[in-house]
file my_file.cif (mmCIF, C-alpha atoms)
data_query
#
loop_
_atom_site.label_atom_id
_atom_site.label_comp_id
_atom_site.auth_asym_id
_atom_site.auth_seq_id
_atom_site.Cartn_x
_atom_site.Cartn_y
_atom_site.Cartn_z
CA MET S 45 0.00 0.00 0.00
CA PRO S 46 1.21 3.55 -0.59
CA GLY S 47 3.45 4.83 2.20
CA SER S 48 4.15 1.39 3.66
CA GLY S 49 7.92 1.42 3.07
CA LYS S 50 8.28 -0.31 -0.31
CA THR S 51 10.86 2.20 -1.55
CA LEU S 52 12.92 1.89 1.63
CA PHE S 53 12.82 -1.90 1.29
CA ALA S 54 13.84 -1.60 -2.37
CA ASN S 55 16.82 0.55 -1.36
CA ILE S 56 17.89 -2.08 1.17
CA LEU S 57 17.66 -4.73 -1.56
CA ARG S 58 19.87 -2.57 -3.80
CA GLU S 59 22.43 -2.32 -1.00
CA LYS S 60 22.41 -6.14 -0.87
CA GLY S 61 23.16 -6.41 -4.59
CA PHE S 62 19.68 -6.79 -6.07
CA TYR S 63 18.54 -5.09 -9.23
CA VAL S 64 15.25 -3.43 -8.34
CA ILE S 65 12.72 -2.58 -11.02
CA SER S 66 10.07 -0.17 -9.79
CA MET S 67 6.76 -1.04 -11.36
CA GLY S 68 5.55 2.46 -10.49
CA ASP S 69 8.43 3.99 -12.45
CA VAL S 70 7.66 1.72 -15.41
CA LEU S 71 4.01 2.77 -15.25
CA ARG S 72 4.95 6.47 -14.95
CA LYS S 73 7.06 6.24 -18.12
CA ARG S 74 4.10 4.84 -19.99
CA TYR S 75 1.77 7.41 -18.38
CA GLU S 76 3.96 10.29 -19.58
CA LYS S 77 3.71 9.02 -23.15
CA GLU S 78 0.08 7.85 -23.30
CA ALA S 79 -2.06 9.51 -20.61
CA LYS S 80 -5.07 11.50 -21.65
CA ILE S 81 -5.08 15.18 -20.72
CA GLY S 82 -6.03 15.51 -17.05
CA GLU S 83 -6.02 11.75 -16.46
CA ARG S 84 -4.94 10.69 -12.98
CA MET S 85 -2.21 8.08 -12.75
CA MET S 86 -4.59 5.60 -11.05
CA ASP S 87 -7.17 6.08 -13.82
CA PHE S 88 -4.47 5.51 -16.42
CA ALA S 89 -3.36 2.34 -14.60
CA LYS S 90 -6.94 1.04 -14.62
CA ARG S 91 -7.39 1.92 -18.28
CA ILE S 92 -4.27 0.12 -19.53
CA ARG S 93 -5.20 -2.91 -17.45
CA GLU S 94 -8.61 -2.94 -19.12
CA ILE S 95 -7.01 -2.71 -22.57
CA TYR S 96 -3.98 -5.01 -22.16
CA GLY S 97 -4.98 -7.24 -19.23
CA GLU S 98 -4.40 -7.25 -15.49
CA GLY S 99 -0.76 -8.31 -15.82
CA VAL S 100 0.30 -5.54 -18.20
CA VAL S 101 2.46 -3.59 -15.73
CA ALA S 102 4.34 -6.78 -14.82
CA ARG S 103 4.94 -7.52 -18.51
CA LEU S 104 6.18 -3.97 -19.09
CA SER S 105 8.43 -4.30 -16.03
CA MET S 106 9.92 -7.57 -17.27
CA GLU S 107 10.95 -5.75 -20.45
CA GLU S 108 13.38 -3.77 -18.26
CA ILE S 109 15.42 -6.91 -17.48
CA THR S 110 18.83 -7.08 -19.12
CA PRO S 111 21.06 -10.16 -19.51
CA THR S 112 23.52 -8.80 -16.92
CA MET S 113 20.93 -8.80 -14.14
CA SER S 114 20.98 -11.79 -11.81
CA ARG S 115 19.10 -11.10 -8.56
CA ILE S 116 16.03 -9.10 -9.57
CA ALA S 117 13.29 -7.62 -7.40
CA PHE S 118 10.11 -5.97 -8.65
CA GLU S 119 8.82 -3.24 -6.37
CA GLY S 120 5.14 -2.35 -6.39
CA VAL S 121 3.22 -5.51 -7.33
CA ARG S 122 -0.51 -4.72 -7.23
CA SER S 123 -2.34 -7.90 -8.22
CA LEU S 124 -2.16 -11.68 -8.37
CA ALA S 125 -2.30 -11.41 -12.17
CA GLU S 126 1.05 -9.60 -11.98
CA VAL S 127 2.42 -12.35 -9.73
CA ASP S 128 1.30 -14.88 -12.35
CA GLU S 129 3.22 -12.95 -15.01
CA PHE S 130 6.35 -13.09 -12.85
CA ARG S 131 5.93 -16.86 -12.49
CA ARG S 132 6.98 -17.07 -16.15
CA LEU S 133 10.46 -16.10 -14.91
CA GLY S 134 10.56 -18.71 -12.16
CA ASN S 135 9.20 -18.99 -8.65
CA PRO S 136 8.82 -15.45 -7.30
CA ILE S 137 9.10 -14.75 -3.60
CA ILE S 138 6.48 -12.24 -2.52
CA ILE S 139 7.38 -9.89 0.33
CA ALA S 140 4.61 -7.60 1.51
CA ILE S 141 5.28 -4.47 3.53
CA HIS S 142 2.41 -3.49 5.82
CA SER S 143 1.89 -0.34 7.85
CA PRO S 144 -1.24 0.90 9.63
CA PRO S 145 -3.24 3.36 7.50
CA SER S 146 -2.84 6.27 9.92
CA LEU S 147 0.96 5.91 9.83
CA ARG S 148 1.00 5.57 6.03
CA TYR S 149 -1.17 8.68 5.64
CA GLN S 150 1.16 10.63 7.93
CA ARG S 151 4.16 9.53 5.82
CA MET S 152 2.47 10.42 2.53
CA ILE S 153 1.45 13.85 3.77
CA SER S 154 5.04 14.47 4.92
CA ARG S 155 6.78 13.26 1.75
CA MET S 156 4.37 15.00 -0.64
CA ARG S 157 5.19 13.14 -3.84
CA PRO S 158 3.33 14.42 -6.91
CA ASP S 159 0.73 11.64 -6.70
CA ASP S 160 0.24 12.04 -2.93
CA SER S 161 -2.43 14.20 -1.36
CA LYS S 162 -2.66 16.13 1.90
CA ASN S 163 -6.34 15.23 2.12
CA ILE S 164 -7.10 12.15 4.26
CA GLU S 165 -10.22 11.34 2.22
CA ASP S 166 -8.15 11.32 -0.98
CA LEU S 167 -5.65 8.98 0.67
CA ARG S 168 -8.44 6.63 1.78
CA ARG S 169 -9.88 6.70 -1.73
CA ARG S 170 -6.44 5.82 -3.10
CA ASP S 171 -6.28 2.87 -0.69
CA LEU S 172 -9.63 1.63 -1.98
CA ASP S 173 -8.39 2.00 -5.57
CA GLU S 174 -5.34 -0.11 -4.69
CA ILE S 175 -7.55 -2.74 -3.06
CA ARG S 176 -9.77 -2.84 -6.16
CA LEU S 177 -6.65 -3.49 -8.28
CA GLY S 178 -6.07 -6.59 -6.18
CA ILE S 179 -3.29 -5.68 -3.78
CA GLY S 180 -5.12 -7.38 -0.89
CA GLY S 181 -4.70 -10.76 -2.55
CA VAL S 182 -0.98 -10.18 -3.01
CA ILE S 183 -0.58 -9.25 0.65
CA ALA S 184 -2.69 -12.20 1.82
CA LEU S 185 -0.67 -14.70 -0.23
CA ALA S 186 2.76 -13.17 0.40
CA ASP S 187 5.58 -15.50 1.40
CA TYR S 188 6.75 -12.93 3.97
CA ILE S 189 5.14 -9.87 5.55
CA ILE S 190 7.20 -7.13 7.16
CA ILE S 191 5.27 -4.93 9.58
CA ASN S 192 6.57 -1.37 9.31
CA ASP S 193 5.09 0.34 12.36
CA SER S 194 8.19 1.48 14.22
CA THR S 195 11.46 3.27 13.52
CA ILE S 196 13.45 3.17 10.30
CA ASP S 197 16.19 1.23 12.11
CA GLU S 198 13.68 -1.38 13.31
CA PHE S 199 12.26 -1.70 9.78
CA LYS S 200 15.77 -2.15 8.35
CA LYS S 201 16.46 -4.87 10.92
CA ARG S 202 13.23 -6.69 9.99
CA ALA S 203 13.95 -6.29 6.28
CA GLU S 204 17.50 -7.60 6.58
CA GLU S 205 16.25 -10.68 8.47
CA ILE S 206 13.90 -11.52 5.57
CA ILE S 207 16.56 -10.83 2.94
CA LEU S 208 18.95 -13.15 4.79
CA ARG S 209 16.30 -15.91 4.73
CA ILE S 210 15.61 -15.59 1.01
CA THR S 211 19.26 -15.43 -0.04
CA LYS S 212 20.46 -18.51 1.86
#
call {"tool": "encode", "arguments": {"input": "my_file.cif", "output": "structure tokens"}}
result
Amino acid sequence: MPGSGKTLFANILREKGFYVISMGDVLRKRYEKEAKIGERMMDFAKRIREIYGEGVVARLSMEEITPTMSRIAFEGVRSLAEVDEFRRLGNPIIIAIHSPPSLRYQRMISRMRPDDSKNIEDLRRRDLDEIRLGIGGVIALADYIIINDSTIDEFKKRAEEIILRITK
């Protein structure tokens, strides 16, 4: 979910030698080229999924893989259809990052990315949009769940424990 700590986890993976492909960045590239005037990013994401199928962002993200990449992580999986697309590459390990909504909203208001809002109702609506895309199924069926409800240092400790397990 937005504001849960996915980017921080991705940065930790990079430090550990993983290539991280941000599905959000892949989607943003496509959005910049193909969005309709005034179209919100979430509306664009829904529209391309309707046109090209639920796994389209995963397929676009897999196009970013180069032959020199060995340990690859995809950040920002939103649906089980995307997980199914990644299964074509092998047996993906799903790691979900969870934070309570109030903490996530506080983080999003503080960071103020272009697609974030300072309005709590907008943030709740965004959560519901994410749930409609299917993120709940991904979280429910994740191999590992990291609860990010404390300090950055505590989150890093939890993240490193999971990374150690998956890289053994």
call {"tool": "resolve_selection", "arguments": {"input": "my_file.cif", "expression": "the PyMOL selection byres ((chain S and resi 178-186) around 12)", "output": "PyMOL selection string"}}
result
chain S and resi 45-46+90+93+98-99+120-128+136-143+170-177+187-191
call {"tool": "atom_distance", "arguments": {"input": "my_file.cif", "atom1": "CA of Tyr75 (chain S)", "atom2": "CA of Val101 (chain S)"}}
result
11.3 Å
call {"tool": "atom_distance", "arguments": {"input": "my_file.cif", "atom1": "CA of Ser105 (chain S)", "atom2": "CA of Asn135 (chain S)"}}
result
16.5 Å
call {"tool": "resolve_selection", "arguments": {"input": "my_file.cif", "expression": "the PyMOL selection byres ((chain S and resi 203) around 12)", "output": "ChimeraX atom specification"}}
result
/S:49-57,59-60,139-142,188-192,196-202,204-210
call {"tool": "atom_distance", "arguments": {"input": "my_file.cif", "atom1": "CA of Arg151 (chain S)", "atom2": "CA of Glu108 (chain S)"}}
result
29.0 Å
call {"tool": "residues_near_point", "arguments": {"input": "my_file.cif", "point": "(10.6, 1.0, -7.2)", "cutoff": "7 Å", "atoms": "all atoms listed in the file", "output": "PDB file with C-alpha atoms, in the frame of the given file"}}
result
ATOM      1  CA  THR S  51      10.860   2.200  -1.550  1.00  0.00           C
ATOM      2  CA  ALA S  54      13.840  -1.600  -2.370  1.00  0.00           C
ATOM      3  CA  VAL S  64      15.250  -3.430  -8.340  1.00  0.00           C
ATOM      4  CA  ILE S  65      12.720  -2.580 -11.020  1.00  0.00           C
ATOM      5  CA  SER S  66      10.070  -0.170  -9.790  1.00  0.00           C
ATOM      6  CA  MET S  67       6.760  -1.040 -11.360  1.00  0.00           C
ATOM      7  CA  GLY S  68       5.550   2.460 -10.490  1.00  0.00           C
ATOM      8  CA  ASP S  69       8.430   3.990 -12.450  1.00  0.00           C
ATOM      9  CA  GLU S 119       8.820  -3.240  -6.370  1.00  0.00           C
ATOM     10  CA  GLY S 120       5.140  -2.350  -6.390  1.00  0.00           C
TER      11      GLY S 120
END
call {"tool": "decode", "arguments": {"input": "my_file.cif", "residues": "region 147-162 of chain S", "atoms": "N, CA and C atoms", "output": "PDB file, in the first residue's frame"}}
result
ATOM      1  N   LEU S 147      -0.480   5.672   9.964  1.00  0.00           N
ATOM      2  CA  LEU S 147       0.960   5.912   9.826  1.00  0.00           C
ATOM      3  C   LEU S 147       1.324   6.153   8.360  1.00  0.00           C
ATOM      4  N   ARG S 148       0.731   5.377   7.465  1.00  0.00           N
ATOM      5  CA  ARG S 148       0.997   5.573   6.032  1.00  0.00           C
ATOM      6  C   ARG S 148       0.528   6.955   5.587  1.00  0.00           C
ATOM      7  N   TYR S 149      -0.652   7.365   6.034  1.00  0.00           N
ATOM      8  CA  TYR S 149      -1.174   8.679   5.643  1.00  0.00           C
ATOM      9  C   TYR S 149      -0.250   9.784   6.142  1.00  0.00           C
ATOM     10  N   GLN S 150       0.233   9.641   7.363  1.00  0.00           N
ATOM     11  CA  GLN S 150       1.161  10.627   7.926  1.00  0.00           C
ATOM     12  C   GLN S 150       2.426  10.709   7.062  1.00  0.00           C
ATOM     13  N   ARG S 151       2.956   9.556   6.668  1.00  0.00           N
ATOM     14  CA  ARG S 151       4.161   9.532   5.822  1.00  0.00           C
ATOM     15  C   ARG S 151       3.907  10.188   4.472  1.00  0.00           C
ATOM     16  N   MET S 152       2.763   9.868   3.864  1.00  0.00           N
ATOM     17  CA  MET S 152       2.468  10.415   2.534  1.00  0.00           C
ATOM     18  C   MET S 152       2.267  11.929   2.587  1.00  0.00           C
ATOM     19  N   ILE S 153       1.634  12.406   3.634  1.00  0.00           N
ATOM     20  CA  ILE S 153       1.446  13.852   3.774  1.00  0.00           C
ATOM     21  C   ILE S 153       2.803  14.536   3.951  1.00  0.00           C
ATOM     22  N   SER S 154       3.711  13.895   4.693  1.00  0.00           N
ATOM     23  CA  SER S 154       5.043  14.470   4.923  1.00  0.00           C
ATOM     24  C   SER S 154       5.918  14.468   3.674  1.00  0.00           C
ATOM     25  N   ARG S 155       5.875  13.372   2.903  1.00  0.00           N
ATOM     26  CA  ARG S 155       6.783  13.261   1.750  1.00  0.00           C
ATOM     27  C   ARG S 155       6.294  14.064   0.558  1.00  0.00           C
ATOM     28  N   MET S 156       5.009  14.199   0.393  1.00  0.00           N
ATOM     29  CA  MET S 156       4.366  15.001  -0.642  1.00  0.00           C
ATOM     30  C   MET S 156       4.910  14.733  -2.043  1.00  0.00           C
ATOM     31  N   ARG S 157       4.868  13.484  -2.454  1.00  0.00           N
ATOM     32  CA  ARG S 157       5.187  13.144  -3.844  1.00  0.00           C
ATOM     33  C   ARG S 157       4.083  13.702  -4.736  1.00  0.00           C
ATOM     34  N   PRO S 158       4.353  13.849  -6.024  1.00  0.00           N
ATOM     35  CA  PRO S 158       3.331  14.421  -6.914  1.00  0.00           C
ATOM     36  C   PRO S 158       1.989  13.691  -6.902  1.00  0.00           C
ATOM     37  N   ASP S 159       1.995  12.374  -6.701  1.00  0.00           N
ATOM     38  CA  ASP S 159       0.732  11.638  -6.703  1.00  0.00           C
ATOM     39  C   ASP S 159       0.166  11.430  -5.297  1.00  0.00           C
ATOM     40  N   ASP S 160       0.760  12.083  -4.288  1.00  0.00           N
ATOM     41  CA  ASP S 160       0.241  12.042  -2.930  1.00  0.00           C
ATOM     42  C   ASP S 160      -0.685  13.232  -2.710  1.00  0.00           C
ATOM     43  N   SER S 161      -1.501  13.134  -1.701  1.00  0.00           N
ATOM     44  CA  SER S 161      -2.432  14.203  -1.357  1.00  0.00           C
ATOM     45  C   SER S 161      -2.263  14.547   0.106  1.00  0.00           C
ATOM     46  N   LYS S 162      -2.648  15.749   0.490  1.00  0.00           N
ATOM     47  CA  LYS S 162      -2.662  16.133   1.904  1.00  0.00           C
ATOM     48  C   LYS S 162      -4.046  15.901   2.504  1.00  0.00           C
TER      49      LYS S 162
END
